[in-house]
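So this block is run_6.txt, compact mmCIF, C-alpha atoms and all ligand atoms:
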# COMPACT_ATOMS: atom_id res chain seq x y z
CA MET A 1 0.00 0.00 0.00
CA VAL A 2 1.36 3.41 -0.91
CA GLU A 3 0.00 6.57 0.59
CA GLU A 4 -1.00 9.19 -1.93
CA VAL A 5 -1.97 12.53 -0.47
CA ILE A 6 -4.66 14.37 -2.37
CA VAL A 7 -3.77 18.01 -2.71
CA ALA A 8 -6.36 20.62 -3.54
CA GLU A 9 -5.54 22.08 -6.92
CA THR A 10 -3.70 25.35 -6.46
CA ALA A 11 -1.98 27.65 -8.86
CA ALA A 12 1.24 25.72 -8.24
CA THR A 13 -0.06 22.22 -8.96
CA GLY A 14 -2.98 22.69 -11.30
CA SER A 15 -2.25 23.60 -14.83
CA GLY A 16 -5.79 24.71 -15.51
CA ARG A 17 -5.63 23.13 -18.93
CA GLY A 18 -8.77 22.05 -20.67
CA ARG A 19 -10.69 25.19 -19.89
CA GLY A 20 -10.88 28.47 -21.72
CA LEU A 21 -9.94 29.10 -25.30
CA PRO A 22 -7.49 26.88 -27.13
CA THR A 23 -4.06 28.47 -27.47
CA ARG A 24 -3.05 26.34 -30.43
CA ALA A 25 -5.21 25.78 -33.45
CA PRO A 26 -5.13 22.34 -35.10
CA GLN A 27 -2.77 22.28 -38.07
CA LYS A 28 -2.74 20.27 -41.28
CA LEU A 29 -0.40 17.29 -41.10
CA SER A 30 1.01 18.10 -44.51
CA GLN A 31 1.95 21.61 -43.41
CA ILE A 32 3.71 20.78 -40.16
CA SER A 33 7.47 20.82 -40.51
CA ALA A 34 9.46 18.06 -38.87
CA ASP A 35 12.71 20.02 -38.42
CA SER A 36 11.98 20.60 -34.78
CA THR A 37 13.17 17.06 -34.11
CA ALA A 38 16.56 17.46 -35.81
CA ARG A 39 18.96 15.60 -33.60
CA LEU A 40 22.06 16.77 -31.82
CA ALA A 41 24.98 14.57 -32.78
CA LEU A 42 26.72 12.77 -29.95
CA PRO A 43 30.16 11.25 -30.51
CA LEU A 44 29.30 8.23 -28.38
CA SER A 45 27.86 6.09 -31.11
CA GLU A 46 26.54 3.24 -28.96
CA PHE A 47 24.53 5.73 -26.90
CA ALA A 48 23.38 7.77 -29.90
CA ARG A 49 22.19 4.64 -31.70
CA VAL A 50 20.04 3.52 -28.77
CA LEU A 51 18.45 6.98 -28.70
CA GLY A 52 17.60 6.53 -32.37
CA GLY A 53 20.51 8.47 -33.87
CA GLY A 54 21.32 11.32 -31.52
CA VAL A 55 19.84 13.49 -28.81
CA VAL A 56 16.44 14.96 -29.65
CA PRO A 57 16.10 18.56 -28.44
CA SER A 58 13.23 19.15 -25.97
CA SER A 59 12.95 15.49 -25.12
CA LEU A 60 12.66 13.95 -21.68
CA VAL A 61 14.70 10.78 -21.33
CA LEU A 62 14.68 8.43 -18.37
CA LEU A 63 17.74 6.29 -17.67
CA GLY A 64 16.86 3.48 -15.29
CA GLY A 65 18.97 0.77 -13.74
CA ASP A 66 20.09 -0.92 -10.54
CA PRO A 67 22.04 1.22 -8.07
CA GLY A 68 25.76 1.08 -8.84
CA ILE A 69 25.37 -0.15 -12.41
CA GLY A 70 26.94 3.00 -13.91
CA LYS A 71 24.13 5.47 -14.66
CA SER A 72 25.90 8.51 -13.19
CA THR A 73 29.13 7.49 -14.89
CA LEU A 74 27.47 7.19 -18.29
CA LEU A 75 25.58 10.46 -18.01
CA LEU A 76 28.69 12.34 -16.86
CA GLN A 77 30.43 11.18 -20.02
CA VAL A 78 27.42 12.19 -22.12
CA ALA A 79 27.29 15.57 -20.33
CA VAL A 80 30.92 16.35 -21.13
CA LEU A 81 30.56 15.32 -24.77
CA MET A 82 27.39 17.37 -25.18
CA ALA A 83 28.96 20.37 -23.45
CA GLU A 84 31.95 20.24 -25.80
CA GLN A 85 29.78 19.99 -28.90
CA HIS A 86 26.58 21.89 -28.27
CA GLY A 87 26.87 24.34 -25.38
CA THR A 88 25.99 24.59 -21.72
CA VAL A 89 25.02 21.40 -19.90
CA LEU A 90 23.68 21.50 -16.36
CA TYR A 91 24.27 18.44 -14.19
CA ILE A 92 22.09 18.48 -11.09
CA SER A 93 22.91 15.82 -8.54
CA GLY A 94 20.86 15.06 -5.47
CA GLU A 95 23.06 12.16 -4.48
CA GLU A 96 26.65 13.30 -4.71
CA SER A 97 28.45 16.52 -3.86
CA VAL A 98 30.05 18.50 -6.66
CA HIS A 99 33.46 17.51 -5.23
CA GLN A 100 32.63 13.84 -5.57
CA ILE A 101 31.57 14.38 -9.16
CA LYS A 102 34.70 16.40 -9.85
CA MET A 103 36.83 13.57 -8.43
CA ARG A 104 35.09 11.07 -10.65
CA ALA A 105 35.48 13.30 -13.70
CA GLU A 106 39.17 13.71 -12.93
CA ARG A 107 39.65 9.98 -12.61
CA MET A 108 37.91 9.52 -15.95
CA GLY A 109 40.01 12.27 -17.53
CA LEU A 110 36.99 14.42 -18.41
CA THR A 111 36.70 18.17 -18.27
CA SER A 112 34.74 20.95 -19.96
CA ASP A 113 34.17 24.65 -19.41
CA ASN A 114 30.58 24.32 -20.53
CA LEU A 115 29.56 21.78 -17.91
CA LEU A 116 27.94 23.23 -14.81
CA LEU A 117 27.49 21.14 -11.66
CA VAL A 118 25.17 21.75 -8.75
CA THR A 119 23.92 19.71 -5.82
CA GLU A 120 20.19 20.21 -5.42
CA THR A 121 17.11 18.21 -4.47
CA SER A 122 14.39 20.85 -4.61
CA LEU A 123 12.61 20.93 -7.95
CA ASP A 124 11.72 24.60 -7.66
CA THR A 125 15.36 25.60 -7.15
CA MET A 126 16.35 23.34 -10.05
CA LEU A 127 13.92 25.15 -12.32
CA ALA A 128 15.40 28.48 -11.24
CA HIS A 129 18.89 27.15 -12.08
CA ILE A 130 17.65 26.09 -15.51
CA ASP A 131 16.15 29.56 -16.11
CA GLN A 132 19.40 31.24 -15.11
CA THR A 133 21.87 29.10 -17.01
CA ASN A 134 19.75 28.40 -20.09
CA PRO A 135 21.39 25.04 -20.91
CA VAL A 136 20.90 22.82 -23.97
CA MET A 137 20.77 19.79 -21.75
CA VAL A 138 19.95 19.11 -18.10
CA ILE A 139 20.72 15.95 -16.16
CA VAL A 140 18.76 15.26 -12.98
CA ASP A 141 20.43 12.55 -10.88
CA SER A 142 18.14 11.16 -9.55
CA ILE A 143 14.38 11.63 -9.83
CA GLN A 144 13.92 9.78 -6.54
CA THR A 145 15.83 12.43 -4.57
CA THR A 146 13.95 15.29 -6.26
CA TYR A 147 10.99 16.78 -4.44
CA THR A 148 8.66 19.70 -4.84
CA GLU A 149 7.33 21.72 -1.91
CA SER A 150 3.89 21.89 -3.46
CA LEU A 151 3.32 18.30 -2.34
CA ASN A 152 3.86 17.27 1.25
CA SER A 153 4.71 13.62 0.67
CA ALA A 154 8.30 12.39 0.97
CA ALA A 155 10.83 12.54 -1.85
CA GLY A 156 10.77 9.31 -3.85
CA SER A 157 7.05 8.65 -3.27
CA VAL A 158 4.83 7.98 -6.25
CA SER A 159 3.18 11.38 -6.20
CA GLN A 160 6.48 13.28 -5.86
CA VAL A 161 8.22 11.33 -8.60
CA ARG A 162 5.30 11.75 -10.96
CA GLU A 163 4.77 15.45 -10.26
CA CYS A 164 8.49 16.30 -10.58
CA ALA A 165 8.76 14.39 -13.84
CA SER A 166 5.76 16.08 -15.40
CA ARG A 167 7.02 19.53 -14.34
CA LEU A 168 10.38 18.70 -15.95
CA GLN A 169 8.55 17.51 -19.06
CA GLU A 170 6.87 20.92 -19.27
CA VAL A 171 10.27 22.60 -18.95
CA ALA A 172 11.74 20.38 -21.66
CA LYS A 173 8.93 21.13 -24.08
CA GLY A 174 8.52 24.77 -23.09
CA GLN A 175 12.15 25.87 -22.99
CA GLY A 176 13.57 23.50 -25.57
CA VAL A 177 16.07 21.76 -23.31
CA THR A 178 16.77 18.06 -23.32
CA VAL A 179 16.29 16.59 -19.86
CA PHE A 180 17.81 13.30 -18.75
CA LEU A 181 16.43 11.76 -15.57
CA VAL A 182 18.17 9.04 -13.61
CA GLY A 183 15.83 6.56 -11.98
CA HIS A 184 16.87 3.75 -9.67
CA VAL A 185 15.17 0.43 -10.05
CA THR A 186 14.82 -1.25 -6.70
CA LYS A 187 14.80 -4.96 -6.02
CA GLU A 188 11.03 -5.13 -5.52
CA GLY A 189 10.45 -3.92 -9.07
CA SER A 190 9.97 -0.46 -7.65
CA ILE A 191 6.59 1.15 -7.24
CA ALA A 192 7.95 4.67 -7.04
CA GLY A 193 10.66 4.04 -9.58
CA PRO A 194 10.95 4.34 -13.32
CA ARG A 195 7.79 2.30 -13.92
CA VAL A 196 5.44 5.09 -12.86
CA LEU A 197 7.26 7.48 -15.19
CA GLU A 198 7.24 5.45 -18.34
CA HIS A 199 4.15 7.14 -19.76
CA ILE A 200 5.33 10.66 -18.89
CA VAL A 201 8.75 10.59 -20.53
CA ASP A 202 9.54 10.37 -24.25
CA THR A 203 12.24 7.74 -24.01
CA VAL A 204 13.04 5.07 -21.45
CA LEU A 205 16.50 3.56 -21.41
CA TYR A 206 17.67 0.83 -19.10
CA LEU A 207 21.29 0.19 -18.24
CA GLN A 208 21.68 -3.47 -17.40
CA GLY A 209 24.43 -5.85 -16.60
CA ASP A 210 25.72 -8.30 -14.10
CA PRO A 211 27.57 -6.31 -11.38
CA PHE A 212 30.23 -9.02 -11.35
CA HIS A 213 30.95 -8.58 -15.03
CA ARG A 214 32.32 -5.58 -16.88
CA TYR A 215 29.74 -5.52 -19.64
CA ARG A 216 26.78 -3.17 -19.58
CA LEU A 217 23.91 -3.20 -22.03
CA LEU A 218 21.92 -0.06 -22.73
CA ARG A 219 18.44 -0.89 -24.01
CA SER A 220 15.61 1.36 -24.99
CA VAL A 221 12.22 0.06 -23.91
CA LYS A 222 10.24 3.06 -25.08
CA ASN A 223 11.25 5.65 -27.62
CA ARG A 224 9.04 8.23 -29.25
CA PHE A 225 11.85 9.07 -31.67
CA GLY A 226 13.22 5.71 -32.76
CA ALA A 227 13.09 1.94 -32.63
CA THR A 228 13.01 0.26 -29.26
CA SER A 229 14.97 -2.80 -30.19
CA GLU A 230 18.40 -1.15 -30.21
CA VAL A 231 21.04 -2.18 -27.72
CA GLY A 232 24.33 -0.46 -26.94
CA VAL A 233 27.19 -2.44 -25.45
CA PHE A 234 29.65 -0.86 -23.02
CA GLU A 235 32.46 -2.12 -20.89
CA MET A 236 33.12 -0.67 -17.43
CA VAL A 237 36.82 0.14 -17.18
CA ASP A 238 38.72 2.40 -14.78
CA LYS A 239 38.06 5.37 -17.06
CA GLY A 240 34.31 4.95 -17.10
CA LEU A 241 32.17 3.19 -19.67
CA GLU A 242 33.91 2.36 -22.90
CA GLU A 243 32.01 1.58 -26.10
CA VAL A 244 32.25 -1.95 -27.38
CA THR A 245 31.86 -1.81 -31.12
CA ASN A 246 32.68 -5.47 -31.76
CA PRO A 247 30.80 -7.22 -28.94
CA SER A 248 30.87 -10.68 -30.51
CA GLU A 249 34.67 -10.74 -30.54
CA MET A 250 34.69 -9.64 -26.94
CA PHE A 251 32.30 -12.35 -25.77
CA LEU A 252 34.22 -15.10 -27.56
CA MET A 253 37.67 -14.00 -26.43
CA GLU A 254 38.16 -16.52 -23.63
CA ARG A 255 36.54 -19.40 -25.38
CA GLN A 256 38.14 -22.84 -25.15
CA VAL A 257 37.64 -25.15 -28.07
CA ASN A 258 37.21 -28.91 -28.04
CA VAL A 259 35.82 -28.95 -24.53
CA PRO A 260 32.42 -30.64 -24.17
CA GLY A 261 29.52 -28.43 -23.10
CA SER A 262 30.10 -25.26 -25.08
CA ALA A 263 28.25 -24.01 -28.17
CA ILE A 264 28.10 -20.67 -29.99
CA ALA A 265 24.70 -19.06 -30.52
CA VAL A 266 24.09 -16.30 -33.05
CA THR A 267 21.47 -14.11 -31.39
CA MET A 268 20.06 -10.73 -32.33
CA GLU A 269 20.22 -7.79 -29.95
CA GLY A 270 17.98 -5.30 -31.66
CA THR A 271 19.10 -5.00 -35.24
CA ARG A 272 22.58 -6.23 -34.47
CA PRO A 273 23.69 -9.86 -34.47
CA LEU A 274 25.70 -11.00 -31.50
CA LEU A 275 27.64 -14.22 -31.07
CA VAL A 276 27.66 -15.60 -27.56
CA GLU A 277 29.03 -18.72 -25.99
CA ILE A 278 26.55 -20.87 -24.10
CA GLN A 279 28.03 -23.35 -21.65
CA ALA A 280 26.31 -26.32 -20.11
CA LEU A 281 27.34 -28.84 -17.52
CA ALA A 282 25.46 -32.04 -16.84
CA THR A 283 26.73 -34.06 -13.88
CA THR A 284 25.37 -37.08 -12.07
CA THR A 285 23.14 -35.90 -9.27
CA THR A 286 23.24 -36.84 -5.60
CA PHE A 287 19.76 -35.46 -4.99
CA ALA A 288 16.38 -37.11 -5.34
CA ASN A 289 15.27 -34.16 -7.45
CA PRO A 290 18.08 -33.21 -9.83
CA ARG A 291 18.91 -29.52 -9.97
CA ARG A 292 18.54 -27.25 -12.96
CA THR A 293 20.29 -23.88 -12.84
CA ALA A 294 19.95 -21.30 -15.60
CA ASN A 295 22.23 -18.30 -15.73
CA GLY A 296 21.51 -15.96 -18.62
CA VAL A 297 18.83 -18.12 -20.22
CA ASP A 298 15.21 -18.43 -19.15
CA TYR A 299 14.74 -21.15 -16.52
CA ASN A 300 11.49 -22.45 -18.00
CA ARG A 301 13.05 -22.54 -21.44
CA LEU A 302 15.84 -24.71 -20.00
CA LEU A 303 13.28 -27.12 -18.52
CA LEU A 304 11.56 -27.30 -21.91
CA LEU A 305 14.82 -28.03 -23.73
CA THR A 306 15.70 -30.67 -21.13
CA ALA A 307 12.33 -32.33 -21.69
CA VAL A 308 12.71 -32.24 -25.48
CA LEU A 309 16.21 -33.75 -25.25
CA THR A 310 14.89 -36.51 -22.99
CA LYS A 311 11.81 -37.38 -25.02
CA ARG A 312 12.87 -36.71 -28.64
CA VAL A 313 16.58 -37.48 -28.61
CA ARG A 314 16.59 -40.06 -25.80
CA GLN A 315 19.30 -38.16 -24.00
CA LYS A 316 19.34 -39.45 -20.41
CA LEU A 317 19.07 -36.39 -18.17
CA PHE A 318 16.75 -37.43 -15.32
CA ASP A 319 19.71 -38.40 -13.13
CA LYS A 320 21.78 -35.31 -13.96
CA ASP A 321 22.16 -31.91 -12.36
CA ILE A 322 22.14 -29.33 -15.14
CA PHE A 323 23.83 -25.93 -15.16
CA VAL A 324 23.63 -23.53 -18.07
CA ASN A 325 25.58 -20.30 -18.27
CA VAL A 326 25.83 -17.53 -20.85
CA ILE A 327 29.34 -16.07 -20.95
CA GLY A 328 29.81 -12.37 -20.22
CA GLY A 329 26.82 -11.99 -17.89
CA LEU A 330 24.42 -11.57 -20.79
CA GLN A 331 20.75 -12.42 -20.60
CA ILE A 332 19.57 -14.15 -23.79
CA ASP A 333 15.80 -14.33 -24.07
CA GLU A 334 15.59 -15.06 -27.76
CA PRO A 335 14.26 -18.53 -28.71
CA ALA A 336 16.80 -18.59 -31.56
CA ALA A 337 19.42 -19.48 -28.95
CA ASP A 338 17.55 -22.74 -28.11
CA LEU A 339 19.62 -24.82 -30.48
CA ALA A 340 22.96 -23.71 -29.04
CA THR A 341 21.71 -24.35 -25.50
CA ALA A 342 20.46 -27.83 -26.40
CA VAL A 343 23.67 -28.66 -28.27
CA ALA A 344 25.82 -27.51 -25.34
CA LEU A 345 23.70 -29.60 -22.99
CA ALA A 346 23.83 -32.73 -25.14
CA SER A 347 27.55 -32.20 -25.63
CA SER A 348 28.19 -32.15 -21.90
CA ALA A 349 25.87 -35.05 -21.16
CA SER A 350 27.47 -37.25 -23.82
CA ASP A 351 31.00 -35.91 -23.25
CA ARG A 352 31.45 -35.16 -26.95
CA PRO A 353 32.82 -31.74 -27.90
CA VAL A 354 31.09 -29.54 -30.46
CA HIS A 355 32.86 -28.78 -33.76
CA ALA A 356 34.87 -25.65 -33.00
CA ASP A 357 34.15 -23.92 -36.31
CA MET A 358 30.37 -24.25 -36.04
CA ALA A 359 27.78 -21.71 -34.88
CA PHE A 360 24.10 -22.41 -34.16
CA VAL A 361 20.80 -20.71 -34.88
CA GLY A 362 17.34 -22.13 -34.32
CA GLU A 363 14.29 -22.31 -32.15
CA ILE A 364 13.30 -25.78 -30.91
CA GLY A 365 9.68 -26.90 -30.91
CA LEU A 366 8.09 -29.41 -28.55
CA SER A 367 8.32 -32.24 -31.05
CA GLY A 368 12.03 -31.69 -31.40
CA GLU A 369 11.78 -29.87 -34.72
CA LEU A 370 13.93 -26.85 -35.59
CA ARG A 371 11.90 -23.76 -36.34
CA ALA A 372 12.88 -20.86 -38.55
CA VAL A 373 14.08 -17.63 -36.97
CA SER A 374 14.07 -14.06 -38.22
CA GLN A 375 16.94 -12.13 -39.80
CA ILE A 376 18.89 -15.23 -40.68
CA GLU A 377 21.09 -13.51 -43.25
CA ALA A 378 22.37 -10.88 -40.83
CA ARG A 379 23.24 -13.69 -38.43
CA LEU A 380 25.11 -15.64 -41.09
CA ARG A 381 27.15 -12.55 -42.04
CA GLU A 382 28.19 -12.02 -38.43
CA ALA A 383 29.17 -15.68 -38.00
CA ALA A 384 31.27 -15.51 -41.17
CA LYS A 385 32.84 -12.23 -40.07
CA LEU A 386 34.05 -13.85 -36.85
CA GLY A 387 35.69 -16.68 -38.72
CA PHE A 388 33.15 -19.47 -38.31
CA LYS A 389 33.27 -21.95 -41.19
CA ARG A 390 29.92 -23.64 -40.64
CA CYS A 391 26.54 -22.55 -39.37
CA LEU A 392 23.78 -24.95 -38.44
CA ILE A 393 20.33 -23.52 -39.14
CA PRO A 394 16.73 -24.80 -39.39
CA LEU A 395 15.76 -26.30 -42.76
CA SER A 396 14.29 -23.50 -44.80
CA ARG A 397 10.81 -24.08 -46.19
CA SER A 398 10.61 -20.77 -47.99
CA LYS A 399 11.24 -20.47 -51.70
CA LYS A 400 13.51 -17.47 -51.25
CA LYS A 401 17.15 -18.31 -51.70
CA LEU A 402 19.41 -17.37 -48.81
CA ASP A 403 22.25 -14.98 -49.45
CA ILE A 404 25.11 -16.97 -47.96
CA PRO A 405 28.42 -15.23 -47.20
CA THR A 406 31.44 -16.70 -48.97
CA GLY A 407 33.49 -19.08 -46.88
CA LEU A 408 30.53 -20.11 -44.73
CA GLU A 409 28.99 -23.54 -45.12
CA ILE A 410 25.31 -23.85 -44.22
CA ILE A 411 24.03 -27.04 -42.65
CA GLU A 412 20.25 -27.15 -42.70
CA CYS A 413 18.60 -29.55 -40.26
CA ARG A 414 15.00 -30.56 -39.78
CA SER A 415 15.21 -31.76 -36.19
CA LEU A 416 17.26 -31.49 -33.05
CA ALA A 417 18.34 -35.13 -33.47
CA ASP A 418 19.81 -34.39 -36.94
CA ALA A 419 21.44 -31.23 -35.59
CA LEU A 420 23.17 -33.11 -32.77
CA GLU A 421 24.39 -35.70 -35.26
CA ALA A 422 26.05 -32.93 -37.27
CA ALA A 423 27.25 -30.83 -34.35
CA LEU A 424 29.02 -33.26 -32.04
CA LEU A 425 32.37 -34.91 -32.67
CA LYS A 426 32.22 -38.68 -32.74
CA GLY A 427 32.76 -40.03 -29.22
P1 LIG B 501 27.77 4.85 -10.80
O1 LIG B 501 27.77 5.55 -12.09
O2 LIG B 501 27.99 5.66 -9.57
O3 LIG B 501 26.41 4.02 -10.62
P2 LIG B 501 24.91 4.53 -10.48
O4 LIG B 501 24.88 5.98 -10.73
O5 LIG B 501 24.15 3.72 -11.50
O6 LIG B 501 24.46 4.18 -9.11
O7 LIG B 501 28.83 3.69 -10.93
C1 LIG B 501 29.32 3.09 -9.84
C2 LIG B 501 30.21 1.91 -10.15
O8 LIG B 501 30.97 2.05 -11.32
C3 LIG B 501 31.16 1.76 -9.03
O9 LIG B 501 30.90 0.53 -8.40
C4 LIG B 501 32.52 1.80 -9.61
C5 LIG B 501 32.32 1.69 -11.07
N1 LIG B 501 33.22 2.56 -11.85
C6 LIG B 501 34.28 2.02 -12.56
O10 LIG B 501 34.51 0.82 -12.55
N2 LIG B 501 35.08 2.86 -13.30
C7 LIG B 501 34.88 4.20 -13.35
O11 LIG B 501 35.63 4.91 -14.02
C8 LIG B 501 33.80 4.74 -12.59
C9 LIG B 501 33.52 6.21 -12.59
C10 LIG B 501 32.98 3.89 -11.86
MG MG B 502 24.52 7.51 -9.34
Can you present the structure in this file as structure tokens?
Ligand code: TYD
Ligand code: MG
Amino acid sequence: MVEEVIVAETAATGSGRGRGLPTRAPQKLSQISADSTARLALPLSEFARVLGGGVVPSSLVLLGGDPGIGKSTLLLQVAVLMAEQHGTVLYISGEESVHQIKMRAERMGLTSDNLLLVTETSLDTMLAHIDQTNPVMVIVDSIQTTYTESLNSAAGSVSQVRECASRLQEVAKGQGVTVFLVGHVTKEGSIAGPRVLEHIVDTVLYLQGDPFHRYRLLRSVKNRFGATSEVGVFEMVDKGLEEVTNPSEMFLMERQVNVPGSAIAVTMEGTRPLLVEIQALATTTTFANPRRTANGVDYNRLLLLTAVLTKRVRQKLFDKDIFVNVIGGLQIDEPAADLATAVALASSASDRPVHADMAFVGEIGLSGELRAVSQIEARLREAAKLGFKRCLIPLSRSKKKLDIPTGLEIIECRSLADALEAALLKG
């Protein structure tokens, strides 16, 4: 239960919209110019791509993520780049002192004369700062520490978060500044967190990653100015977040070949193909109920694949503990990674390594059949680019001929049983 205090509408809280004469007349679609959404270039291409190709002026963007994942670090980098290219940027922090931020910037080797820092939690003072400094971009870190005196509930409560965000949205639209909000996602899924803001803001980005790994993925889950499927890959180093422009290479760097229980999946993250290593370990259990542990793949999907392997391929797994892990701390939710997971699992259970030059794409159905996946050609190109010689894919039933990259051999299989026959070295 969350307390929401009802406040009588005053001049400060009520906008009084909806009454009186309209201030803007409806316009013809054909006569409205679209230039107002020309984007500001940002020389951080992974970030710009997720935003849809650059920063949109007058937009309100929410960056959500677990505490400590790197939100402040990322936005400080963005702030410096924007300040260097486009003019004054105002960074308002309610969590850290300006000295702390300065220390971080120094450690990251960042500086700019156009970046202004201030520690502030009161929304009304923030708005005064924005009026005075007239920036092109404002960063509010974080929305949970921001409060307005016109409501008497605590900072971080649903009503405060919502009211502050909508006031900042008005500022963004009214004064033509881009506003970035930081929002913490709490363990409980957060009632007063980014979720309640998703409909207010123009763009919602989430920074994700396993805190024990260096990789961070920036995803957009809502974007009024671009596609939502884009993903940016970063690596946390001692100088902040570094762009990873060749993520597949990165994720395959420590791979060992000719060891049972490892297979390469070609997945899609947004419009970009990504090769990841999926590892599986099947060991004889000492429990009455064998254990199944999924790290980076969906647990229920793993149970399904285990059942299909048992029933359709006669792979004995009922007496085995099963562990599946995706290298690099990635979370792969795409069914196209099914085949690689099943191959890794069968490889470990039968102690037969997978051909080292082979990559896998395919969804597995309940009768053990391989099902077609989308964007197969982009996947094949990426596999070829990373030096794979063979790619195992579902048998195509479409008439359209696949455009196969040179040097890559395609093995089309109808079922998981056929795929395993082709994938595993003879024991
Ligand atoms: P931070 O941006 O403060 O996280 P958030 O704002 O999302 O809470 O990042 C904190 C973590 O990032 C901290 O654990 C240390 C790490 N880090 C680096 O590894 N290298 C760096 O250069 C910086 C600035 C932080
Ligand atoms: Mg922070």
**OP:** Between atom CA of Ile200 of chain A and atom CA of Met82 of chain A, measure the distance and give it in Å to one decimal.
**Re:** 23.9 Å
Original post:
Looking at all atoms listed in the file, which of A:Pro26, A:Gly183, A:Gly329, A:Gly176 is the one that sits closest to ligand MG 502 (chain B)?
Top reply: A:Gly183
Original post:
Near Val259 of chain A, within 8 Å and counting only C-alpha atoms, which residues show up once chain neighbours fewer than 6 positions away are dropped, as a list in words?
Top reply: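 Using only C-alpha atoms, the neighbours found are Arg352, Pro353 and Val354 of chain A.
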Subject >> All residues having an atom within 9 Å of ligand LIG 501 (chain B) (all atoms listed in the file) as a PyMOL selection string >> reply: chain A and resi 64-76+95+104-105+107-108+141-142+182-184+207+211+214+236-241
Original post:
If you measure from atom CA of Ala336 of chain A to atom CA of Val266 of chain A, what distance in Å do you get, rounded to one decimal?
Top reply: 7.8 Å
**OP:** Using all atoms listed in the file, find the one residue out of A:Gln144, A:Ser45, A:Thr285, A:Gln31 that sits nearest to ligand MG 502 (chain B).
**Re:**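 Ranked by minimum distance to ligand MG 502 (chain B), first place goes to A:Gln144.
Closest approach to His129 of chain A among A:Tyr91, A:Glu106, A:Ile411, A:Ser59: A:Tyr91, based on only C-alpha atoms.
Among the candidates A:Ala342, A:Val177, A:Ala384, A:Leu408, the one nearest to Leu309 of chain A when counting all atoms listed in the file is A:Ala342.
With atom CA of Asn258 of chain A on one side and atom CA of Val313 of chain A on the other, the separation reads 22.3 Å.
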**OP:** Quick one: everything within 6 Å of segment 320-328 of chain A, counting only C-alpha atoms, minus sequence neighbours fewer than 2 positions away in the same chain. Send it as a ChimeraX atom specification.
**Re:** /A:277-285,290-296,317-318,330
**OP:** Counting only C-alpha atoms and all ligand atoms, figure out which residue out of A:Val276, A:Val89, A:Ile101, A:Ala417 gets nearest to ligand MG 502 (chain B).
**Re:**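 Nearest candidate to ligand MG 502 (chain B) out of A:Val276, A:Val89, A:Ile101, A:Ala417: A:Ile101.
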Original post:
Of the residues A:Ile376, A:Val140, A:Ala337, A:Ile264, which is the one nearest to Phe388 of chain A, using only C-alpha atoms?
Top reply: A:Ile264
Subject >> Contacts of Met137 of chain A within 12 Å, all atoms listed in the file, excl. fewer than 4 positions in-chain, as a ChimeraX atom specification >> reply: /A:40,55-61,75-76,78-92,114-116,130,133,168,171-172,175-181
Original post:
Phe234 of chain A: which residues within 8 Å, counting only C-alpha atoms, same-chain residues fewer than 4 positions away excluded, as a list in words?
Top reply: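 What passes the distance filter is Glu46, Tyr215, Arg216, Leu217, Leu218, Leu241, Glu242, Glu243 and Val244 of chain A.
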Writer output for current selection, C-alpha atoms, as an mmCIF file, keeping the file's coordinate frame:
data_model
loop_
_atom_site.group_PDB
_atom_site.id
_atom_site.type_symbol
_atom_site.label_atom_id
_atom_site.label_comp_id
_atom_site.auth_asym_id
_atom_site.auth_seq_id
_atom_site.Cartn_x
_atom_site.Cartn_y
_atom_site.Cartn_z
ATOM 1 C CA GLU A 46 26.540 3.240 -28.960
ATOM 2 C CA TYR A 215 29.740 -5.520 -19.640
ATOM 3 C CA ARG A 216 26.780 -3.170 -19.580
ATOM 4 C CA LEU A 217 23.910 -3.200 -22.030
ATOM 5 C CA LEU A 218 21.920 -0.060 -22.730
ATOM 6 C CA LEU A 241 32.170 3.190 -19.670
ATOM 7 C CA GLU A 242 33.910 2.360 -22.900
ATOM 8 C CA GLU A 243 32.010 1.580 -26.100
ATOM 9 C CA VAL A 244 32.250 -1.950 -27.380
#
**OP:** Select all residues near (10.0, 6.8, -26.5) (cut-off 12 Å, inclusive, file coordinates), counting only C-alpha atoms, and output them as a count of residues only.
**Re:** 29
**OP:** Using all atoms listed in the file, determine which residues lie at most 10 Å from Leu420 of chain A, disregarding the query and same-chain residues fewer than 6 positions distant; provide the list as a list of chain:residue names.
**Re:**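 Residues near the query, excluding close chain neighbours: A:Val313, A:Leu339, A:Ala342, A:Val343, A:Ala344, A:Ala346, A:Ser347, A:Val354, A:Leu392, A:Cys413.
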